>>> print(open('model_25.txt').read())   # compact mmCIF, C-alpha atoms
# COMPACT_ATOMS: atom_id res chain seq x y z
CA MET A 300 30.77 28.04 7.11
CA THR A 301 30.41 24.41 5.98
CA GLY A 302 26.96 22.91 5.81
CA PHE A 303 25.80 20.00 7.91
CA GLN A 304 27.00 16.59 6.83
CA MET A 305 26.30 13.22 8.43
CA THR A 306 27.46 9.74 7.49
CA PHE A 307 26.32 6.39 8.88
CA ALA A 308 27.59 2.91 8.11
CA MET A 309 25.12 0.46 9.60
CA ALA A 310 23.88 -3.09 9.38
CA SER A 311 20.67 -3.79 7.44
CA ASP A 312 18.93 -4.33 10.75
CA VAL A 313 15.47 -2.89 11.47
CA ARG A 314 16.67 -1.88 14.93
CA TYR A 315 18.63 0.94 13.28
CA LEU A 316 15.47 2.51 11.82
CA PRO A 317 14.52 4.53 14.92
CA ILE A 318 18.15 5.61 15.33
CA VAL A 319 18.27 6.90 11.76
CA ARG A 320 14.91 8.64 12.21
CA GLY A 321 16.16 10.42 15.33
CA ALA A 322 19.35 11.62 13.68
CA VAL A 323 17.75 12.70 10.39
CA GLY A 324 14.92 14.45 12.23
CA ALA A 325 17.43 16.51 14.17
CA LEU A 326 19.46 17.24 11.03
CA THR A 327 16.48 18.43 8.98
CA ALA A 328 15.34 20.66 11.83
CA ALA A 329 18.85 22.15 12.07
CA ILE A 330 18.86 22.86 8.33
CA GLY A 331 15.60 24.75 8.67
CA TRP A 332 12.53 22.72 7.76
CA ASP A 333 9.44 23.02 9.94
CA GLU A 334 8.13 20.12 12.05
CA ALA A 335 5.75 18.71 9.44
CA GLU A 336 8.37 18.87 6.69
CA CYS A 337 10.97 17.24 8.96
CA ARG A 338 8.53 14.40 9.67
CA ALA A 339 7.88 13.91 5.95
CA ILE A 340 11.61 13.81 5.07
CA VAL A 341 12.30 11.41 7.95
CA LEU A 342 9.48 9.17 6.73
CA ALA A 343 10.78 9.18 3.16
CA LEU A 344 14.30 8.31 4.25
CA ASP A 345 13.02 5.62 6.63
CA GLU A 346 11.08 4.10 3.71
CA ALA A 347 14.21 4.10 1.54
CA VAL A 348 16.25 2.33 4.24
CA ALA A 349 13.41 -0.15 4.82
CA ASN A 350 13.28 -0.87 1.08
CA ILE A 351 16.99 -1.73 1.09
CA ILE A 352 16.52 -4.04 4.09
CA ARG A 353 13.49 -5.77 2.52
CA HIS A 354 14.43 -5.91 -1.14
CA ALA A 355 18.21 -5.58 -1.53
CA TYR A 356 19.00 -7.80 1.46
CA GLY A 357 15.77 -9.85 1.54
CA GLY A 358 15.27 -9.09 5.23
CA ARG A 359 18.80 -10.16 6.21
CA SER A 360 20.26 -8.08 9.02
CA ASP A 361 23.95 -8.56 8.17
CA GLY A 362 24.13 -6.40 5.05
CA LEU A 363 25.86 -3.04 4.92
CA ILE A 364 24.09 0.26 4.37
CA GLU A 365 26.06 3.48 4.04
CA LEU A 366 23.96 6.60 4.43
CA GLN A 367 25.17 10.11 3.77
CA CYS A 368 23.10 13.25 4.33
CA ARG A 369 24.62 16.52 3.17
CA GLU A 370 23.32 20.05 3.40
CA THR A 371 23.54 21.72 0.00
CA ALA A 372 23.13 25.32 -1.14
CA ASP A 373 19.39 24.79 -1.56
CA GLY A 374 18.53 21.96 0.80
CA LEU A 375 19.52 18.36 1.45
CA ALA A 376 21.16 15.63 -0.62
CA ILE A 377 20.86 12.01 0.48
CA SER A 378 22.98 9.15 -0.79
CA MET A 379 22.69 5.52 0.28
CA LEU A 380 24.83 2.62 -0.81
CA ASP A 381 24.16 -1.09 -0.34
CA THR A 382 25.77 -4.24 -1.64
CA GLY A 383 22.62 -6.35 -1.86
CA ASP A 384 20.60 -7.42 -4.87
CA PRO A 385 20.24 -4.59 -7.40
CA PRO A 386 16.77 -3.08 -7.61
CA GLU A 387 14.65 -4.11 -10.58
CA LEU A 388 13.92 -0.61 -11.80
CA SER A 389 10.91 -1.75 -13.83
CA LYS A 390 9.34 -3.11 -10.64
CA ILE A 391 9.86 0.05 -8.57
CA CYS A 392 6.44 1.59 -8.88
CA ALA A 393 4.26 3.72 -6.69
CA ARG A 394 0.72 2.58 -5.96
CA GLU A 395 -2.31 4.07 -7.58
CA VAL A 396 -4.00 6.76 -5.56
CA GLY A 397 -7.11 5.57 -3.73
CA CYS A 398 -6.46 1.89 -4.29
CA HIS A 399 -7.06 -0.63 -1.51
CA GLN A 400 -3.92 -2.67 -2.15
CA PRO A 401 -1.22 -2.45 0.50
CA GLY A 402 1.85 -2.55 -1.82
CA GLY A 403 3.85 0.36 -3.25
CA LEU A 404 3.16 2.78 -0.43
CA GLY A 405 6.80 3.33 0.49
CA THR A 406 7.83 4.19 -3.07
CA HIS A 407 4.87 6.56 -3.32
CA ILE A 408 5.94 8.34 -0.12
CA ILE A 409 9.58 8.69 -1.24
CA ARG A 410 8.60 10.18 -4.61
CA ASP A 411 5.94 12.42 -3.13
CA VAL A 412 8.16 13.91 -0.43
CA MET A 413 11.52 14.22 -2.16
CA ASP A 414 12.16 16.58 -5.10
CA SER A 415 14.36 14.11 -6.98
CA VAL A 416 14.92 10.39 -6.60
CA SER A 417 17.22 8.14 -8.62
CA TYR A 418 18.89 4.76 -8.47
CA GLU A 419 22.33 3.93 -9.83
CA ARG A 420 24.28 0.74 -10.16
CA ALA A 421 27.80 1.64 -8.97
CA GLU A 422 30.91 -0.54 -8.88
CA SER A 423 30.67 -0.56 -5.10
CA GLY A 424 26.97 -1.51 -5.05
CA ASN A 425 23.53 0.01 -5.47
CA ARG A 426 23.20 3.71 -4.92
CA PHE A 427 20.01 5.55 -3.99
CA LEU A 428 20.11 9.32 -4.47
CA ALA A 429 17.52 11.87 -3.43
CA THR A 430 17.34 15.60 -2.90
CA LYS A 431 14.99 17.94 -1.11
CA ARG A 432 14.92 21.70 -1.58
CA LEU A 433 14.45 24.06 1.31
CA ARG A 434 11.84 26.60 0.26
CA LYS A 435 12.60 29.91 1.91
CA MET B 535 6.22 -0.82 20.75
CA LYS B 536 3.66 -2.13 23.25
CA ILE B 537 0.34 -3.66 22.18
CA SER B 538 -2.57 -4.66 24.40
CA VAL B 539 -6.12 -5.83 23.68
CA ARG B 540 -9.20 -5.00 25.77
CA ASP B 541 -12.76 -6.32 25.53
CA VAL B 542 -15.35 -3.56 25.79
CA GLY B 543 -18.87 -4.83 25.24
CA PRO B 544 -19.10 -6.30 21.75
CA ALA B 545 -15.82 -4.70 20.70
CA LYS B 546 -12.14 -5.37 21.01
CA ILE B 547 -9.95 -2.33 21.53
CA VAL B 548 -6.30 -2.59 20.53
CA ASP B 549 -4.04 -0.04 22.22
CA VAL B 550 -0.64 0.60 20.66
CA ASP B 551 2.15 2.61 22.23
CA GLY B 552 5.34 3.47 20.34
CA ASP B 553 6.60 3.45 16.77
CA VAL B 554 5.10 1.27 14.04
CA ASP B 555 7.79 0.53 11.46
CA LEU B 556 9.26 -2.37 9.51
CA GLY B 557 10.60 -3.85 12.73
CA THR B 558 7.32 -3.71 14.68
CA SER B 559 4.44 -3.79 12.18
CA GLY B 560 4.52 -7.60 12.08
CA ALA B 561 3.54 -7.79 15.75
CA LEU B 562 0.70 -5.32 15.17
CA ARG B 563 -0.48 -7.32 12.15
CA GLN B 564 -0.46 -10.55 14.16
CA THR B 565 -2.47 -8.97 17.00
CA LEU B 566 -5.07 -7.38 14.71
CA PHE B 567 -5.58 -10.53 12.63
CA ALA B 568 -5.93 -12.63 15.80
CA ALA B 569 -8.52 -10.25 17.29
CA LEU B 570 -10.60 -9.62 14.15
CA PRO B 571 -12.46 -12.97 13.89
CA GLU B 572 -13.39 -12.82 17.60
CA THR B 573 -15.31 -9.55 17.59
CA SER B 574 -17.89 -7.60 15.64
CA ILE B 575 -16.06 -4.27 16.14
CA LEU B 576 -12.29 -3.99 16.11
CA ALA B 577 -11.15 -0.54 17.21
CA LEU B 578 -7.51 0.52 17.00
CA ASN B 579 -6.35 3.22 19.39
CA LEU B 580 -3.63 5.21 17.61
CA GLY B 581 -3.40 7.87 20.33
CA SER B 582 0.01 6.75 21.61
CA ILE B 583 1.58 5.98 18.25
CA ARG B 584 4.40 8.45 17.66
CA TYR B 585 5.34 7.19 14.20
CA ILE B 586 3.89 4.95 11.51
CA ASP B 587 5.49 3.98 8.20
CA SER B 588 4.16 2.35 5.04
CA SER B 589 4.46 -1.15 6.50
CA GLY B 590 2.09 -0.04 9.28
CA ILE B 591 -0.33 1.55 6.81
CA ALA B 592 -0.17 -1.59 4.65
CA THR B 593 -1.04 -3.67 7.72
CA LEU B 594 -4.10 -1.50 8.38
CA ILE B 595 -5.22 -1.84 4.75
CA GLU B 596 -4.88 -5.63 4.96
CA VAL B 597 -6.95 -5.72 8.15
CA LEU B 598 -9.55 -3.39 6.61
CA ASN B 599 -9.87 -5.63 3.55
CA ASP B 600 -10.25 -8.70 5.76
CA SER B 601 -12.80 -6.96 8.00
CA ARG B 602 -14.95 -6.27 4.93
CA ARG B 603 -14.66 -9.90 3.85
CA LEU B 604 -15.73 -11.06 7.33
CA ASN B 605 -18.43 -8.36 7.63
CA LYS B 606 -16.80 -6.80 10.70
CA GLN B 607 -16.24 -3.16 11.60
CA PHE B 608 -12.66 -1.88 11.73
CA VAL B 609 -12.42 1.58 13.26
CA LEU B 610 -9.46 3.84 14.03
CA PHE B 611 -9.44 6.51 16.74
CA GLY B 612 -7.01 8.90 18.45
CA VAL B 613 -5.18 9.74 15.25
CA SER B 614 -2.44 12.30 15.95
CA THR B 615 -1.35 14.99 13.51
CA ALA B 616 1.85 13.07 12.70
CA VAL B 617 -0.05 9.87 11.92
CA GLU B 618 -2.72 11.72 9.96
CA GLU B 619 0.00 13.23 7.77
CA VAL B 620 1.11 9.72 6.78
CA PHE B 621 -2.49 8.74 6.01
CA ARG B 622 -2.77 11.79 3.78
CA LEU B 623 0.60 11.21 2.09
CA THR B 624 -0.46 7.68 1.19
CA HIS B 625 -3.97 8.80 0.12
CA VAL B 626 -5.65 6.21 2.32
CA ILE B 627 -7.37 8.52 4.78
CA ARG B 628 -10.75 8.16 3.05
CA ILE B 629 -10.81 4.38 3.01
CA PHE B 630 -10.78 4.03 6.80
CA ARG B 631 -13.47 4.88 9.32
CA ILE B 632 -11.65 7.33 11.59
CA VAL B 633 -13.31 8.81 14.67
CA GLN B 634 -12.13 11.02 17.51
CA SER B 635 -12.72 8.88 20.58
CA GLU B 636 -13.13 5.35 21.87
CA HIS B 637 -16.74 6.20 22.72
CA GLU B 638 -17.43 7.07 19.07
CA ALA B 639 -15.58 3.98 17.88
CA LEU B 640 -17.97 1.88 19.97
CA GLY B 641 -20.95 3.46 18.30
CA GLY B 642 -21.66 6.45 20.54
CA ALA B 643 -22.16 9.92 19.11
>>> encode(input="model_25.txt", output="structure tokens")
Amino acid sequence: MTGFQMTFAMASDVRYLPIVRGAVGALTAAIGWDEAECRAIVLALDEAVANIIRHAYGGRSDGLIELQCRETADGLAISMLDTGDPPELSKICAREVGCHQPGGLGTHIIRDVMDSVSYERAESGNRFLATKRLRK
Amino acid sequence: MKISVRDVGPAKIVDVDGDVDLGTSGALRQTLFAALPETSILALNLGSIRYIDSSGIATLIEVLNDSRRLNKQFVLFGVSTAVEEVFRLTHVIRIFRIVQSEHEALGGA
């Protein structure tokens, strides 16, 4: 039997965020994570989409974001492609724990929740890749 | 997301209903920053928030920092399990004053 697979092509519009959260929440539950883990994965993915909207497209709502979620043998693989400004990898940094500054929270969440996170510059745009293992 | 502000004695209570994300946190920020200078206690009711992301948490940190600068109290109450998980993930749970009820937020035991 083939695993779950879901693909979205959407505008870089914040109004899509709750739609993505709803779909990814249902997908992660179907794959087998518990409620708290589903919420954490949904949050991490939401943060990654929000980062693309804010940083790659500078808040513009007419950019393209392609999101693919694929069930793998040991969990979930996420791939996102955008055609906005490439991320400055040296500036992608999580915040320090316990600090009172508001920046860097999203990156911290993504890295904390997901098992692997990487960024690639592809011919077709910027690619964000992340995986999460299902612990049985 | 719906936001409303109530005056209760010396405090202002901000009630929020819905999801706080990149698309809505700006409205919450605007409301909290408008209310803060006009009260000695600003209490945020999180009981009807179903979801909060890092932009929402960042907003709360900004308001907390400003409340300290202005010598005001900024209190959170009604924190659900889902919201508390985000506070813990971002390691900010200890920096806020979080209580169970509106009564406690207003200074009651």
>>> residues_around(input="model_25.txt", residues="stretch 366-377 of chain A", least_positions_apart="6", cutoff="7 Å", atoms="only C-alpha atoms", output="PyMOL selection string")
chain A and resi 302-308+428-433
>>> write_last_selection(input="model_25.txt", atoms="C-alpha atoms", output="PDB file, in the coordinates of the input")
ATOM      1  CA  GLY A 302      26.960  22.910   5.810  1.00  0.00           C
ATOM      2  CA  PHE A 303      25.800  20.000   7.910  1.00  0.00           C
ATOM      3  CA  GLN A 304      27.000  16.590   6.830  1.00  0.00           C
ATOM      4  CA  MET A 305      26.300  13.220   8.430  1.00  0.00           C
ATOM      5  CA  THR A 306      27.460   9.740   7.490  1.00  0.00           C
ATOM      6  CA  PHE A 307      26.320   6.390   8.880  1.00  0.00           C
ATOM      7  CA  ALA A 308      27.590   2.910   8.110  1.00  0.00           C
ATOM      8  CA  LEU A 428      20.110   9.320  -4.470  1.00  0.00           C
ATOM      9  CA  ALA A 429      17.520  11.870  -3.430  1.00  0.00           C
ATOM     10  CA  THR A 430      17.340  15.600  -2.900  1.00  0.00           C
ATOM     11  CA  LYS A 431      14.990  17.940  -1.110  1.00  0.00           C
ATOM     12  CA  ARG A 432      14.920  21.700  -1.580  1.00  0.00           C
ATOM     13  CA  LEU A 433      14.450  24.060   1.310  1.00  0.00           C
TER      14      LEU A 433
END
>>> atom_distance(input="model_25.txt", atom1="atom CA of B:Lys546", atom2="atom CA of B:Leu598")
14.8 Å
>>> interface_residues(input="model_25.txt", of="chain B", to="chain A", cutoff="6 Å", atoms="only C-alpha atoms", output="PyMOL selection string")
chain B and resi 557+588+592+595+625
>>> residues_around(input="model_25.txt", residues="B:Thr593", least_positions_apart="4", cutoff="10 Å", atoms="only C-alpha atoms", output="PyMOL selection string")
(chain A and resi 401) or (chain B and resi 559-560+562-564+566-567+588-589+597-599)
>>> write_last_selection(input="model_25.txt", atoms="C-alpha atoms", output="PDB file, in the frame of the given file")
ATOM      1  CA  PRO A 401      -1.220  -2.450   0.500  1.00  0.00           C
TER       2      PRO A 401
ATOM      3  CA  SER B 559       4.440  -3.790  12.180  1.00  0.00           C
ATOM      4  CA  GLY B 560       4.520  -7.600  12.080  1.00  0.00           C
ATOM      5  CA  LEU B 562       0.700  -5.320  15.170  1.00  0.00           C
ATOM      6  CA  ARG B 563      -0.480  -7.320  12.150  1.00  0.00           C
ATOM      7  CA  GLN B 564      -0.460 -10.550  14.160  1.00  0.00           C
ATOM      8  CA  LEU B 566      -5.070  -7.380  14.710  1.00  0.00           C
ATOM      9  CA  PHE B 567      -5.580 -10.530  12.630  1.00  0.00           C
ATOM     10  CA  SER B 588       4.160   2.350   5.040  1.00  0.00           C
ATOM     11  CA  SER B 589       4.460  -1.150   6.500  1.00  0.00           C
ATOM     12  CA  VAL B 597      -6.950  -5.720   8.150  1.00  0.00           C
ATOM     13  CA  LEU B 598      -9.550  -3.390   6.610  1.00  0.00           C
ATOM     14  CA  ASN B 599      -9.870  -5.630   3.550  1.00  0.00           C
TER      15      ASN B 599
END
>>> atom_distance(input="model_25.txt", atom1="atom CA of B:Ile575", atom2="atom CA of B:Phe608")
6.1 Å
>>> atom_distance(input="model_25.txt", atom1="atom CA of B:Leu594", atom2="atom CA of A:Val323")
26.1 Å
>>> closest_residue(input="model_25.txt", among="B:Ile629, B:Ala577, B:Ala561, B:Leu604", to="B:Arg540", atoms="all atoms listed in the file")
B:Ala577
>>> residues_around(input="model_25.txt", residues="A:Glu419", least_positions_apart="4", cutoff="10 Å", atoms="all atoms listed in the file", output="ChimeraX atom specification")
/A:380,385-386,388,424-428
>>> residues_around(input="model_25.txt", residues="B:Arg631", least_positions_apart="4", cutoff="9 Å", atoms="all atoms listed in the file", output="PyMOL selection string")
chain B and resi 607-611+627+639
>>> decode(input="model_25.txt", residues="stretch 398-435 of chain A", atoms="C-alpha atoms", output="short mmCIF file (atom, residue, chain, number, x, y, z; two decimals), in the first residue's frame")
data_model
loop_
_atom_site.label_atom_id
_atom_site.label_comp_id
_atom_site.auth_asym_id
_atom_site.auth_seq_id
_atom_site.Cartn_x
_atom_site.Cartn_y
_atom_site.Cartn_z
CA CYS A 398 16.28 35.36 26.16
CA HIS A 399 13.70 38.16 26.15
CA GLN A 400 14.14 39.07 22.49
CA PRO A 401 11.23 38.24 20.20
CA GLY A 402 13.25 37.21 17.09
CA GLY A 403 14.33 33.72 16.00
CA LEU A 404 11.46 31.86 17.63
CA GLY A 405 10.17 30.28 14.42
CA THR A 406 13.57 28.87 13.45
CA HIS A 407 13.98 27.52 16.97
CA ILE A 408 10.60 25.75 16.76
CA ILE A 409 11.34 24.21 13.35
CA ARG A 410 14.71 22.83 14.48
CA ASP A 411 13.38 21.65 17.82
CA VAL A 412 10.40 19.77 16.39
CA MET A 413 11.79 18.30 13.18
CA ASP A 414 14.52 15.63 13.09
CA SER A 415 16.31 17.14 10.09
CA VAL A 416 16.07 20.53 8.42
CA SER A 417 17.97 21.79 5.39
CA TYR A 418 17.83 24.50 2.76
CA GLU A 419 18.90 24.11 -0.87
CA ARG A 420 19.20 26.51 -3.74
CA ALA A 421 17.64 24.66 -6.69
CA GLU A 422 17.35 25.78 -10.31
CA SER A 423 13.62 26.17 -9.80
CA GLY A 424 13.98 28.21 -6.60
CA ASN A 425 14.65 27.81 -2.90
CA ARG A 426 13.94 24.44 -1.38
CA PHE A 427 13.23 23.75 2.28
CA LEU A 428 13.51 20.11 3.33
CA ALA A 429 12.59 18.57 6.66
CA THR A 430 11.89 15.14 8.05
CA LYS A 431 10.21 13.78 11.15
CA ARG A 432 10.50 10.21 12.35
CA LEU A 433 7.54 8.34 13.76
CA ARG A 434 8.71 6.66 16.94
CA LYS A 435 6.82 3.41 17.39
#
